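J.: My structure is in protein_21.txt, and what it holds is compact mmCIF, C-alpha atoms:
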# COMPACT_ATOMS: atom_id res chain seq x y z
CA MET A 1 2.27 1.86 -65.83
CA LYS A 2 5.35 2.06 -63.63
CA ILE A 3 4.33 3.22 -60.16
CA LEU A 4 6.55 4.13 -57.21
CA VAL A 5 4.91 3.93 -53.78
CA ILE A 6 6.56 5.66 -50.80
CA SER A 7 5.06 4.88 -47.40
CA TYR A 8 6.82 4.47 -44.08
CA PHE A 9 4.12 2.02 -42.98
CA PHE A 10 3.80 -1.06 -45.17
CA ALA A 11 3.38 -4.82 -44.96
CA PRO A 12 4.20 -6.85 -43.01
CA GLN A 13 4.25 -4.27 -40.18
CA ASN A 14 1.57 -4.91 -37.54
CA ALA A 15 0.27 -1.33 -37.78
CA ILE A 16 -3.10 -0.04 -38.99
CA GLY A 17 -1.22 2.57 -41.03
CA ALA A 18 0.32 -0.23 -43.12
CA VAL A 19 -3.04 -1.48 -44.38
CA ARG A 20 -4.01 1.32 -46.79
CA PRO A 21 -0.77 1.55 -48.82
CA THR A 22 -0.32 -2.23 -48.85
CA LYS A 23 -3.81 -2.92 -50.17
CA LEU A 24 -3.63 -0.23 -52.84
CA ALA A 25 -0.21 -1.48 -54.00
CA LYS A 26 -1.40 -5.08 -53.98
CA TYR A 27 -4.38 -4.42 -56.23
CA LEU A 28 -2.51 -2.01 -58.50
CA GLU A 29 0.02 -4.81 -59.06
CA ARG A 30 -2.79 -7.28 -59.68
CA MET A 31 -4.25 -4.90 -62.29
CA GLY A 32 -1.03 -5.23 -64.28
CA HIS A 33 0.89 -2.17 -63.15
CA GLN A 34 4.58 -2.45 -62.24
CA VAL A 35 4.78 -1.33 -58.61
CA THR A 36 7.95 -0.48 -56.67
CA VAL A 37 7.67 0.25 -52.94
CA ILE A 38 9.98 2.19 -50.64
CA CYS A 39 8.97 1.76 -47.00
CA GLY A 40 10.27 1.72 -43.43
CA GLY A 41 11.06 -1.20 -41.20
CA GLY A 42 8.60 -0.27 -38.47
CA MET A 43 9.15 0.44 -34.80
CA ASP A 44 8.68 -2.80 -32.89
CA GLY A 45 9.41 -5.58 -35.37
CA MET A 46 5.95 -7.13 -34.98
CA GLN A 47 4.51 -8.61 -38.16
CA ASP A 48 0.93 -9.03 -39.33
CA PRO A 49 0.47 -12.49 -40.91
CA THR A 50 -2.48 -11.21 -42.95
CA LEU A 51 -0.46 -8.39 -44.49
CA ALA A 52 2.51 -10.73 -44.87
CA ARG A 53 0.40 -12.78 -47.30
CA ASP A 54 -0.16 -9.64 -49.37
CA MET A 55 3.60 -9.33 -49.75
CA ALA A 56 3.51 -12.34 -52.06
CA ALA A 57 1.99 -10.08 -54.72
CA MET A 58 4.73 -7.48 -54.37
CA ARG A 59 7.87 -8.13 -56.41
CA ASP A 60 9.90 -4.98 -55.70
CA VAL A 61 9.88 -3.72 -52.09
CA HIS A 62 12.77 -1.70 -50.66
CA VAL A 63 12.83 -1.54 -46.85
CA ILE A 64 14.69 1.45 -45.37
CA GLN A 65 16.18 1.14 -41.90
CA GLU A 66 16.36 4.76 -40.77
CA ARG A 67 18.55 5.87 -37.89
CA ASN A 68 16.11 5.35 -35.03
CA TRP A 69 17.25 5.58 -31.41
CA LEU A 70 13.85 4.45 -30.12
CA ARG A 71 14.06 1.21 -32.06
CA TRP A 72 17.65 0.71 -30.93
CA MET A 73 16.66 1.16 -27.28
CA LYS A 74 13.75 -1.24 -27.73
CA GLN A 75 16.00 -3.90 -29.22
CA ARG A 76 18.51 -3.43 -26.43
CA ARG A 77 15.93 -3.61 -23.63
CA GLY A 78 13.54 -6.02 -25.27
CA GLN A 79 10.64 -3.60 -24.73
CA PRO A 80 8.07 -2.14 -27.14
CA ALA A 81 9.24 1.14 -28.68
CA THR A 82 5.99 2.93 -28.03
CA GLY A 83 5.25 6.13 -26.22
CA LYS A 84 2.58 4.64 -23.96
CA ALA A 85 2.57 1.80 -21.49
CA GLY A 86 0.66 -1.30 -22.49
CA ASN A 87 -1.59 -1.28 -19.43
CA GLN A 88 -1.99 2.46 -19.12
CA THR A 89 -4.43 3.98 -16.65
CA ALA A 90 -5.89 7.45 -16.56
CA PRO A 91 -3.31 10.14 -15.56
CA LYS A 92 -3.67 11.95 -12.25
CA ALA A 93 -4.59 15.62 -12.38
CA ALA A 94 -1.92 16.73 -9.90
CA ASP A 95 1.28 17.96 -11.51
CA THR A 96 3.56 15.83 -9.35
CA ARG A 97 7.26 15.30 -9.87
CA GLN A 98 6.44 11.97 -11.49
CA SER A 99 4.13 13.64 -14.01
CA ARG A 100 6.82 16.22 -14.84
CA VAL A 101 9.29 13.41 -15.46
CA HIS A 102 6.71 11.72 -17.66
CA LYS A 103 6.18 14.92 -19.66
CA ALA A 104 9.93 15.30 -20.14
CA GLY A 105 10.20 11.70 -21.28
CA ASP A 106 7.29 12.18 -23.66
CA ALA A 107 8.98 15.26 -25.15
CA VAL A 108 12.19 13.29 -25.68
CA TYR A 109 10.19 10.51 -27.31
CA ARG A 110 8.50 12.92 -29.72
CA TRP A 111 11.81 14.55 -30.58
CA LEU A 112 13.45 11.21 -31.34
CA ARG A 113 10.53 10.24 -33.57
CA TRP A 114 10.97 13.54 -35.42
CA ARG A 115 14.67 12.87 -35.95
CA ALA A 116 13.95 9.32 -37.11
CA ASP A 117 11.52 10.75 -39.67
CA ALA A 118 14.23 13.08 -40.99
CA SER A 119 16.58 10.10 -41.29
CA PHE A 120 13.98 8.13 -43.24
CA ARG A 121 13.51 11.06 -45.65
CA ARG A 122 17.23 11.24 -46.40
CA ARG A 123 17.59 7.51 -46.92
CA ALA A 124 14.41 7.23 -48.98
CA ILE A 125 15.68 9.97 -51.33
CA ARG A 126 18.99 8.14 -51.62
CA GLU A 127 17.06 4.95 -52.44
CA CYS A 128 15.05 6.78 -55.12
CA LYS A 129 18.26 7.93 -56.80
CA GLY A 130 19.59 4.38 -56.78
CA LEU A 131 16.56 2.88 -58.54
CA ASN A 132 17.89 4.05 -61.91
CA GLN A 133 14.39 4.05 -63.35
CA THR A 134 11.81 6.61 -64.39
CA TYR A 135 8.31 6.03 -63.06
CA ASP A 136 5.07 7.31 -64.52
CA VAL A 137 3.85 8.35 -61.07
CA VAL A 138 4.95 8.34 -57.44
CA PHE A 139 2.23 7.77 -54.82
CA SER A 140 3.12 8.78 -51.27
CA SER A 141 0.88 8.19 -48.25
CA TYR A 142 1.20 10.51 -45.22
CA ALA A 143 2.12 10.06 -42.29
CA PRO A 144 4.92 10.84 -41.43
CA MET A 145 6.04 14.00 -43.26
CA SER A 146 9.09 12.32 -44.74
CA VAL A 147 7.10 10.32 -47.29
CA HIS A 148 5.74 13.43 -49.05
CA ARG A 149 9.09 15.19 -48.88
CA ALA A 150 10.82 12.19 -50.43
CA ALA A 151 8.13 11.95 -53.14
CA CYS A 152 8.49 15.64 -53.94
CA ARG A 153 12.24 15.18 -54.36
CA ALA A 154 11.65 12.11 -56.55
CA LYS A 155 9.55 14.21 -58.92
CA ARG A 156 12.06 17.08 -58.96
CA LEU A 157 14.91 14.66 -59.71
CA GLY A 158 12.96 13.13 -62.60
CA VAL A 159 12.61 9.75 -60.90
CA ALA A 160 8.83 10.12 -61.35
CA LYS A 161 6.93 12.21 -63.88
CA ARG A 162 3.84 12.80 -61.72
CA TRP A 163 3.08 12.82 -58.00
CA ILE A 164 -0.07 11.88 -56.08
CA ALA A 165 0.08 13.01 -52.43
CA ASP A 166 -2.23 10.96 -50.22
CA TYR A 167 -3.31 11.75 -46.64
CA ARG A 168 -4.61 8.98 -44.39
CA ASP A 169 -4.10 11.22 -41.32
CA GLU A 170 -4.19 14.94 -40.62
CA VAL A 171 -0.82 16.69 -40.51
CA THR A 172 0.66 17.22 -37.04
CA VAL A 173 4.01 18.23 -35.55
CA PRO A 174 5.47 17.05 -32.23
CA PHE A 175 5.80 20.51 -30.62
CA ASP A 176 3.70 23.68 -30.70
CA TRP A 177 6.69 25.80 -31.73
CA MET A 178 6.88 23.74 -34.94
CA LYS A 179 3.37 24.63 -36.12
CA GLY A 180 4.81 27.07 -38.64
CA LYS A 181 6.13 24.07 -40.56
CA ILE A 182 2.60 22.86 -41.38
CA PRO A 183 1.59 25.72 -43.76
CA ARG A 184 4.97 25.45 -45.50
CA PHE A 185 4.50 21.69 -45.80
CA TYR A 186 1.04 22.17 -47.34
CA GLN A 187 2.43 24.75 -49.74
CA MET A 188 5.23 22.42 -50.85
CA VAL A 189 2.67 19.73 -51.64
CA LYS A 190 0.33 22.15 -53.40
CA GLU A 191 3.08 23.50 -55.65
CA ASN A 192 4.50 20.13 -56.65
CA ALA A 193 1.87 17.39 -56.39
CA ASP A 194 -0.34 16.74 -59.40
CA ILE A 195 -3.14 15.32 -57.26
CA CYS A 196 -3.84 15.69 -53.55
CA CYS A 197 -6.18 13.09 -52.09
CA ALA A 198 -7.36 12.25 -48.57
CA VAL A 199 -9.55 9.73 -46.78
CA SER A 200 -12.39 12.23 -46.33
CA GLN A 201 -13.70 15.60 -47.44
CA GLY A 202 -13.12 16.87 -43.89
CA PHE A 203 -9.39 16.29 -44.23
CA LEU A 204 -9.34 18.23 -47.49
CA GLU A 205 -11.17 21.11 -45.80
CA MET A 206 -8.62 21.21 -42.97
CA MET A 207 -5.86 21.50 -45.57
CA GLY A 208 -7.71 24.12 -47.61
CA ARG A 209 -7.93 21.70 -50.57
CA GLN A 210 -11.72 21.22 -50.64
CA GLN A 211 -11.92 22.71 -54.14
CA ASP A 212 -9.14 20.83 -55.91
CA GLY A 213 -8.51 17.81 -53.66
CA ARG A 214 -10.02 14.37 -54.14
CA VAL A 215 -11.39 11.77 -51.74
CA LEU A 216 -9.90 8.28 -51.74
CA SER A 217 -11.52 6.56 -48.81
CA ASN A 218 -10.02 3.91 -46.59
CA GLY A 219 -11.44 0.49 -47.31
CA TYR A 220 -11.46 -3.22 -46.58
CA ASP A 221 -10.21 -6.37 -48.25
CA ARG A 222 -12.35 -9.49 -47.96
CA GLU A 223 -9.27 -11.57 -48.72
CA ASP A 224 -8.20 -10.78 -45.15
CA LEU A 225 -10.94 -13.03 -43.85
CA PRO A 226 -9.87 -16.60 -43.08
CA GLU A 227 -11.08 -19.29 -45.47
CA ARG A 228 -12.93 -20.90 -42.61
CA ARG A 229 -15.06 -18.15 -41.14
CA THR A 230 -15.48 -18.09 -37.37
CA VAL A 231 -19.14 -18.85 -36.72
CA ARG A 232 -20.65 -17.26 -33.64
CA GLN A 233 -22.07 -20.07 -31.53
CA PRO A 234 -24.86 -18.89 -29.19
CA ASP A 235 -23.74 -19.20 -25.57
CA GLY A 236 -26.14 -16.86 -23.82
CA THR A 237 -23.70 -13.92 -23.83
CA LEU A 238 -23.81 -10.68 -25.80
CA ARG A 239 -20.26 -10.09 -27.04
CA VAL A 240 -19.25 -6.50 -27.80
CA ALA A 241 -15.75 -6.26 -29.31
CA TYR A 242 -13.45 -3.22 -29.31
CA CYS A 243 -10.18 -3.79 -31.17
CA GLY A 244 -7.61 -1.02 -31.24
CA GLN A 245 -6.47 2.17 -29.59
CA VAL A 246 -8.29 3.84 -26.70
CA SER A 247 -5.97 6.76 -25.98
CA GLU A 248 -5.86 9.47 -28.59
CA GLY A 249 -2.15 9.73 -29.23
CA ARG A 250 -2.47 13.37 -30.32
CA ARG A 251 -1.60 16.28 -28.09
CA HIS A 252 -4.45 18.43 -26.73
CA VAL A 253 -7.04 15.76 -27.63
CA ALA A 254 -8.67 13.63 -24.95
CA ASP A 255 -8.81 9.84 -24.96
CA ARG A 256 -11.56 8.16 -26.94
CA ASP A 257 -14.74 8.01 -24.88
CA ILE A 258 -16.67 4.75 -25.11
CA THR A 259 -18.69 5.28 -21.93
CA PRO A 260 -21.92 6.19 -23.83
CA MET A 261 -22.06 2.58 -25.04
CA PHE A 262 -21.27 1.21 -21.60
CA ARG A 263 -23.93 3.39 -19.97
CA ALA A 264 -26.50 2.27 -22.55
CA LEU A 265 -25.69 -1.38 -21.81
CA GLN A 266 -25.91 -0.73 -18.07
CA SER A 267 -29.28 0.95 -18.61
CA LEU A 268 -30.64 -2.09 -20.45
CA ALA A 269 -29.36 -4.33 -17.69
CA GLY A 270 -31.02 -2.08 -15.12
CA GLN A 271 -34.33 -2.45 -16.94
CA GLY A 272 -34.02 -6.23 -16.73
CA LEU A 273 -33.71 -6.67 -20.49
CA LEU A 274 -30.52 -8.69 -19.95
CA HIS A 275 -28.39 -9.71 -17.01
CA GLN A 276 -25.06 -7.99 -16.51
CA GLU A 277 -23.46 -11.46 -16.39
CA GLN A 278 -24.52 -11.91 -20.03
CA ILE A 279 -22.43 -8.95 -21.22
CA ARG A 280 -18.89 -9.58 -22.53
CA LEU A 281 -16.80 -6.54 -23.37
CA VAL A 282 -14.05 -8.01 -25.54
CA TYR A 283 -10.92 -5.87 -25.79
CA ALA A 284 -7.81 -6.32 -27.94
CA GLY A 285 -5.06 -3.70 -27.90
CA ARG A 286 -2.22 -2.11 -25.96
CA GLU A 287 -4.36 -0.15 -23.50
CA SER A 288 -6.27 -2.63 -21.40
CA GLY A 289 -6.10 -0.35 -18.37
CA LEU A 290 -7.85 2.55 -20.11
CA PHE A 291 -10.54 0.29 -21.54
CA ARG A 292 -11.18 -1.37 -18.18
CA ALA A 293 -11.23 2.01 -16.38
CA GLN A 294 -14.01 3.29 -18.66
CA ALA A 295 -15.98 0.07 -18.18
CA GLU A 296 -15.56 0.25 -14.41
CA SER A 297 -16.77 3.87 -14.36
CA CYS A 298 -20.07 2.53 -15.73
CA GLY A 299 -20.24 -0.46 -13.42
CA LEU A 300 -19.19 -2.99 -16.07
CA GLY A 301 -15.61 -3.71 -15.01
CA GLY A 302 -16.43 -7.35 -14.35
CA CYS A 303 -17.66 -7.79 -17.92
CA VAL A 304 -14.27 -7.07 -19.54
CA GLU A 305 -12.60 -9.90 -21.46
CA ASP A 306 -9.07 -8.66 -22.05
CA HIS A 307 -6.94 -10.19 -24.83
CA GLY A 308 -4.18 -7.57 -24.81
CA LEU A 309 -2.17 -6.81 -27.94
CA VAL A 310 -2.88 -9.38 -30.66
CA SER A 311 -2.05 -9.86 -34.32
CA ARG A 312 -4.46 -8.48 -36.89
CA GLN A 313 -5.37 -12.04 -37.78
CA GLU A 314 -6.41 -12.71 -34.18
CA SER A 315 -8.21 -9.35 -34.07
CA ILE A 316 -10.27 -10.39 -37.07
CA ARG A 317 -11.11 -13.69 -35.36
CA LEU A 318 -12.34 -11.82 -32.28
CA GLN A 319 -14.43 -9.51 -34.46
CA GLN A 320 -16.01 -12.46 -36.24
CA GLY A 321 -16.88 -14.01 -32.88
CA ALA A 322 -18.61 -10.86 -31.62
CA ASP A 323 -22.25 -9.82 -31.86
CA ILE A 324 -21.60 -6.05 -31.96
CA LEU A 325 -18.47 -4.16 -32.99
CA LEU A 326 -17.59 -1.04 -31.01
CA MET A 327 -15.34 1.83 -32.01
CA ALA A 328 -14.72 5.44 -31.03
CA SER A 329 -13.56 8.56 -32.82
CA TRP A 330 -13.89 12.37 -32.68
CA HIS A 331 -15.31 15.20 -34.78
CA MET A 332 -14.51 18.75 -33.71
CA SER A 333 -13.88 22.16 -35.21
CA SER A 334 -10.11 21.68 -34.94
CA GLN A 335 -10.05 18.10 -36.28
CA LYS A 336 -12.65 17.05 -38.83
CA GLY A 337 -13.06 14.22 -41.26
CA ILE A 338 -11.53 11.34 -39.29
CA MET A 339 -12.29 8.09 -41.12
CA THR A 340 -10.24 5.47 -39.35
CA GLY A 341 -9.32 2.29 -41.17
CA LYS A 342 -10.80 0.27 -38.32
CA LEU A 343 -14.29 1.25 -39.48
CA PHE A 344 -13.73 -0.33 -42.87
CA GLU A 345 -12.18 -3.44 -41.37
CA TYR A 346 -15.32 -3.78 -39.26
CA MET A 347 -17.52 -3.39 -42.34
CA MET A 348 -16.49 -6.69 -43.88
CA MET A 349 -17.67 -8.60 -40.78
CA ASP A 350 -21.36 -8.00 -41.64
CA LYS A 351 -22.12 -7.12 -38.03
CA PRO A 352 -23.68 -3.98 -36.51
CA ILE A 353 -21.15 -1.24 -35.76
CA ILE A 354 -21.60 1.29 -32.98
CA CYS A 355 -19.34 4.34 -32.84
CA CYS A 356 -19.04 6.74 -29.91
CA MET A 357 -18.10 10.10 -31.41
CA ALA A 358 -16.55 12.77 -29.18
CA GLY A 359 -16.21 16.43 -30.13
CA ASP A 360 -18.16 19.67 -30.47
CA LEU A 361 -19.59 19.11 -33.98
CA THR A 362 -22.47 17.01 -35.27
CA GLY A 363 -22.87 15.52 -38.74
CA SER A 364 -19.56 13.68 -38.87
CA PRO A 365 -18.75 11.89 -42.15
CA LEU A 366 -18.41 8.66 -40.18
CA ALA A 367 -21.99 9.01 -38.90
CA ARG A 368 -23.22 9.69 -42.43
CA LEU A 369 -21.37 6.68 -43.78
CA LEU A 370 -22.84 4.31 -41.18
CA ASP A 371 -26.31 5.60 -42.04
CA GLN A 372 -25.64 5.44 -45.78
CA THR A 373 -24.43 1.83 -45.72
CA GLY A 374 -26.94 0.61 -43.13
CA VAL A 375 -24.30 -1.13 -41.03
CA GLY A 376 -24.62 0.69 -37.73
CA LEU A 377 -25.15 3.81 -35.66
CA CYS A 378 -22.97 6.69 -34.48
CA CYS A 379 -23.67 8.40 -31.14
CA GLU A 380 -22.28 11.94 -31.34
CA GLN A 381 -21.40 13.73 -28.12
CA ALA A 382 -22.34 17.10 -29.64
CA ALA A 383 -25.88 15.85 -30.34
CA GLY A 384 -26.51 15.48 -26.63
CA GLU A 385 -29.31 13.41 -25.11
CA GLY A 386 -31.00 12.91 -28.48
CA ASP A 387 -28.24 10.65 -29.79
CA ARG A 388 -27.92 8.85 -26.46
CA GLN A 389 -31.61 7.96 -26.67
CA LYS A 390 -31.10 6.75 -30.24
CA LEU A 391 -28.25 4.55 -29.02
CA ARG A 392 -30.38 2.99 -26.27
CA ALA A 393 -33.22 2.37 -28.73
CA TYR A 394 -30.85 0.84 -31.27
CA LEU A 395 -29.30 -1.42 -28.65
CA GLN A 396 -32.74 -2.49 -27.48
CA GLU A 397 -33.65 -3.40 -31.07
CA LEU A 398 -30.41 -5.41 -31.42
CA LEU A 399 -31.09 -7.12 -28.10
CA THR A 400 -34.58 -8.13 -29.24
CA ARG A 401 -33.16 -9.71 -32.38
CA TRP A 402 -30.35 -11.35 -30.38
CA LYS A 403 -32.82 -12.98 -28.00
CA ALA A 404 -34.84 -14.26 -30.97
CA GLY A 405 -31.72 -15.78 -32.58
CA GLN A 406 -32.04 -13.51 -35.60
CA SER A 407 -29.31 -11.76 -37.57
CA LEU A 408 -28.47 -8.50 -35.84
CA LEU A 409 -27.64 -6.73 -39.10
CA ASN A 410 -31.13 -6.60 -40.56
CA ALA A 411 -30.23 -4.14 -43.34
CA GLN A 412 -28.32 -4.97 -46.51
CA ASN A 413 -24.62 -4.13 -46.23
CA ARG A 414 -24.19 -1.45 -48.91
CA ALA A 415 -20.47 -0.98 -48.45
CA GLU A 416 -18.99 -2.67 -51.52
CA GLU A 417 -17.77 0.64 -52.96
CA PHE A 418 -15.27 0.71 -50.10
CA ALA A 419 -13.63 -2.59 -51.04
CA TYR A 420 -9.95 -2.09 -51.90
CA PRO A 421 -10.21 -3.52 -55.46
CA GLN A 422 -12.67 -0.71 -56.29
CA LEU A 423 -10.51 1.91 -54.53
CA ALA A 424 -7.37 0.76 -56.37
CA ALA A 425 -9.27 0.94 -59.68
CA LYS A 426 -10.27 4.52 -58.83
CA LEU A 427 -6.64 5.43 -58.09
CA SER A 428 -5.48 3.71 -61.28
CA GLY A 429 -7.94 5.81 -63.27
CA TRP A 430 -6.45 9.00 -61.86
CA MET A 431 -2.96 7.80 -62.76
CA GLU A 432 -3.94 6.95 -66.32
CA ILE A 433 -5.45 10.42 -66.83
CA LEU A 434 -2.22 11.98 -65.58
CA ASP A 435 -0.23 9.79 -67.96
CA GLN A 436 -2.34 10.95 -70.90
CA LYS A 437 -1.37 14.55 -70.16
CA GLU A 438 2.25 13.85 -71.10
Produce C-alpha cells that represent the structure in this file.

T.:
Amino acid sequence: MKILVISYFFAPQNAIGAVRPTKLAKYLERMGHQVTVICGGGMDGMQDPTLARDMAAMRDVHVIQERNWLRWMKQRRGQPATGKAGNQTAPKAADTRQSRVHKAGDAVYRWLRWRADASFRRRAIRECKGLNQTYDVVFSSYAPMSVHRAACRAKRLGVAKRWIADYRDEVTVPFDWMKGKIPRFYQMVKENADICCAVSQGFLEMMGRQQDGRVLSNGYDREDLPERRTVRQPDGTLRVAYCGQVSEGRRHVADRDITPMFRALQSLAGQGLLHQEQIRLVYAGRESGLFRAQAESCGLGGCVEDHGLVSRQESIRLQQGADILLMASWHMSSQKGIMTGKLFEYMMMDKPIICCMAGDLTGSPLARLLDQTGVGLCCEQAAGEGDRQKLRAYLQELLTRWKAGQSLLNAQNRAEEFAYPQLAAKLSGWMEILDQKE
C-alpha cells in the first residue's frame, strides 16, 4: 500500500512526540508498504541519535520549515526555544510585577506557537499538492492541530483515498477563549476521517468516540537498546531514575507530583532499612530545579544526581543503569486516559516501574496496565493512604530483593503486545480493511 504520514514531530527530533509516528512508519515500511512522510523541523534543532538510525529505513521524508518566530529567536540568541527555563523552580504565590511579566511572556509564547502551527498546516497542504501521487491512506498523528487539518485537506483533494486520525495527546488550545474551536475540530475529524484512534480508551471517551474509536497504544522498540547492554554493577547504592518532564506543560494542571515516592524512600530510611546515603535519585531532563525541590521537600535533596537534558540514547543508558524507574502522570475527571510514551520506553528495560499518579480519579488505565503486565506499581493520589501503604510495602519488597542481590522484577514481563512491530501490524490491518472497501 501507499501510505502518507503527516506528523509535525518525527525523527530525528529529540522529542518524545517523535517516537510514535517514527516507529509506526519504520515498521510499516519494513512490512513492505511504501511510506511517505511530511513532518516539521522541530523547535530546537536537537537530534536523537536513536531515532536518527530509524531514518535509514525511511526513503521519502519531506521536512517542512514553517514560519516560526520562536525558532528564529532561538537561533539568533543561541537559546532553547522552549516556554520554560531549564532549571525552573516552583513559582511564588504572590502576583508580583515579575509574575505578571512572566504571564504576559507565556501568553506571547503560546500565541506564537499557535501561529507557527497555522503556518505548518498551510505549507503541509502545499506539500501534499506537490507530491503528485494518490495514496491509499493518510495517517496523521495529533498534536498539533495542523496535522489533522492537513490530512483532512489531503483526503478532500484526492491525495489520499482514506484517512486515519490518530491522537497521542488530548486536544488543547492555548487560550480559554479558543475552547469553542475544540468541538468544531472534533466534528471535522468525525465527518471526514475513516478511523479515529487514540493511545487509550480514556482519550476516546474525552472525545466522545468511545463507541466508534479504536485504541492504538503507545509502545516500545527493543532496537533502541544498544547492542552492548549496560549492566548494573552493584555499588551499594539504590538508583532510582526519573527521565523526562516534571512540570505539566498544560494550563490549569499542576506539576507532576513525585513526592509520594520520595516520602516512601525517606520512611524506609527512617526505619533503618537502608541509609539515606545509599539512595541515588537520578534525574535527566530540562527541569532539574523542580525535581530537586520535590526531593528537598522530603529531605532527600542530597540524594539527587542531576544529568540535565540528555539525548534519548543517554537517557536509555541511565535507565539501564538504574534499579527502579520512576515516572509520574495524572488521572482526573477533566483529563483521563493519559498513557505517556515514557511508560513504554521504561517497559523494555525489564526493571520495576513506579508511577505517582495525581488526580481525583482512581482506576487509571496506566495503573491497570502496570498490574496487567506485572512490571510495576502505580500509587494513585485519589486512593489515599491505601495506595501509599501499598507503595511502601512494594518498595520494602524491592529493597529486600536488592539486598539479596536478586532480580528486582520477579514477575514475567508480559508487555510484548506493546512492541512497535505488533502495533504497526495492527495499524496495517486496519489500512488493508479500508483498502478492501474501495

J.: Could you tell me how far atom CA of Val375 of chain A lies from atom CA of Asp221 of chain A, in Å and to one decimal?

T.: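 If I compute the distance from atom CA of Val375 of chain A to atom CA of Asp221 of chain A, I get 16.7 Å.
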
J.: Grab the atom CA of Gly130 of chain A to atom CA of Ala18 of chain A distance for me, in Å with one decimal place.

T.: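 Straight-line distance from atom CA of Gly130 of chain A to atom CA of Ala18 of chain A works out to 24.1 Å.
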
J.: Go through A:Ala118, A:Ala143, A:Ala150, A:Leu204 and flag the residue nearest Leu216 of chain A, using only C-alpha atoms for the distances.

T.: A:Leu204

J.: Considering all atoms listed in the file, can you say which of A:Lys190, A:Arg67, A:Arg214, A:Arg368 comes closest to Leu112 of chain A?

T.: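 Closest residue, counting all atoms listed in the file: A:Arg67.
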
J.: In Å, rounded to a single decimal, give me how far atom CA of Arg100 of chain A is from atom CA of Gln294 of chain A.

T.: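 Interatomic distance, atom CA of Gln294 of chain A to atom CA of Arg100 of chain A: 24.8 Å.
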
J.: Would you kindly return, as a VMD selection string, each protein, DNA or RNA residue with an atom no farther than 12 Å from any atom of Arg126 of chain A, considering all atoms listed in the file and excluding same-chain residues fewer than 3 positions away?

T.: chain A and resid 38 62 64 66 119 to 123 129 to 132 150 to 151 153 to 154 157 159

J.: Which polymer residues have any atom within 12 Å of an atom of His275 of chain A, counting only C-alpha atoms, with same-chain residues fewer than 2 positions away left out, as a ChimeraX atom specification?

T.: /A:236-238,265-273,277-280,300,303,399

J.: Quick one: everything within 8 Å of Gly285 of chain A, counting only C-alpha atoms, minus sequence neighbours fewer than 6 positions away in the same chain. Send it as a list in words.

T.: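 Returned residues: Cys243, Gly244, Gln245, His307, Gly308, Leu309 and Val310 of chain A.
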
J.: Go through A:Leu326, A:Lys403, A:Ser200, A:Lys26 and flag the residue nearest Leu369 of chain A, using all atoms listed in the file for the distances.

T.: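 Among the listed residues, the smallest separation from Leu369 of chain A belongs to A:Ser200.
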
J.: Smallest atom-to-atom distance to Pro352 of chain A: which of A:Ala198, A:Ala241, A:Val101, A:Met188, using all atoms listed in the file?

T.: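 Nearest candidate to Pro352 of chain A out of A:Ala198, A:Ala241, A:Val101, A:Met188: A:Ala241.
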
J.: Neighbours of Arg156 of chain A within 12 Å (only C-alpha atoms; same-chain residues fewer than 6 positions away dropped), as a list in words?

T.: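 My reading of the contact set: Ile125, Cys128, Lys129, Thr134, Val138, Arg149, Ala150, Arg162, Trp163, Met188, Glu191, Asn192 and Ala193 of chain A.
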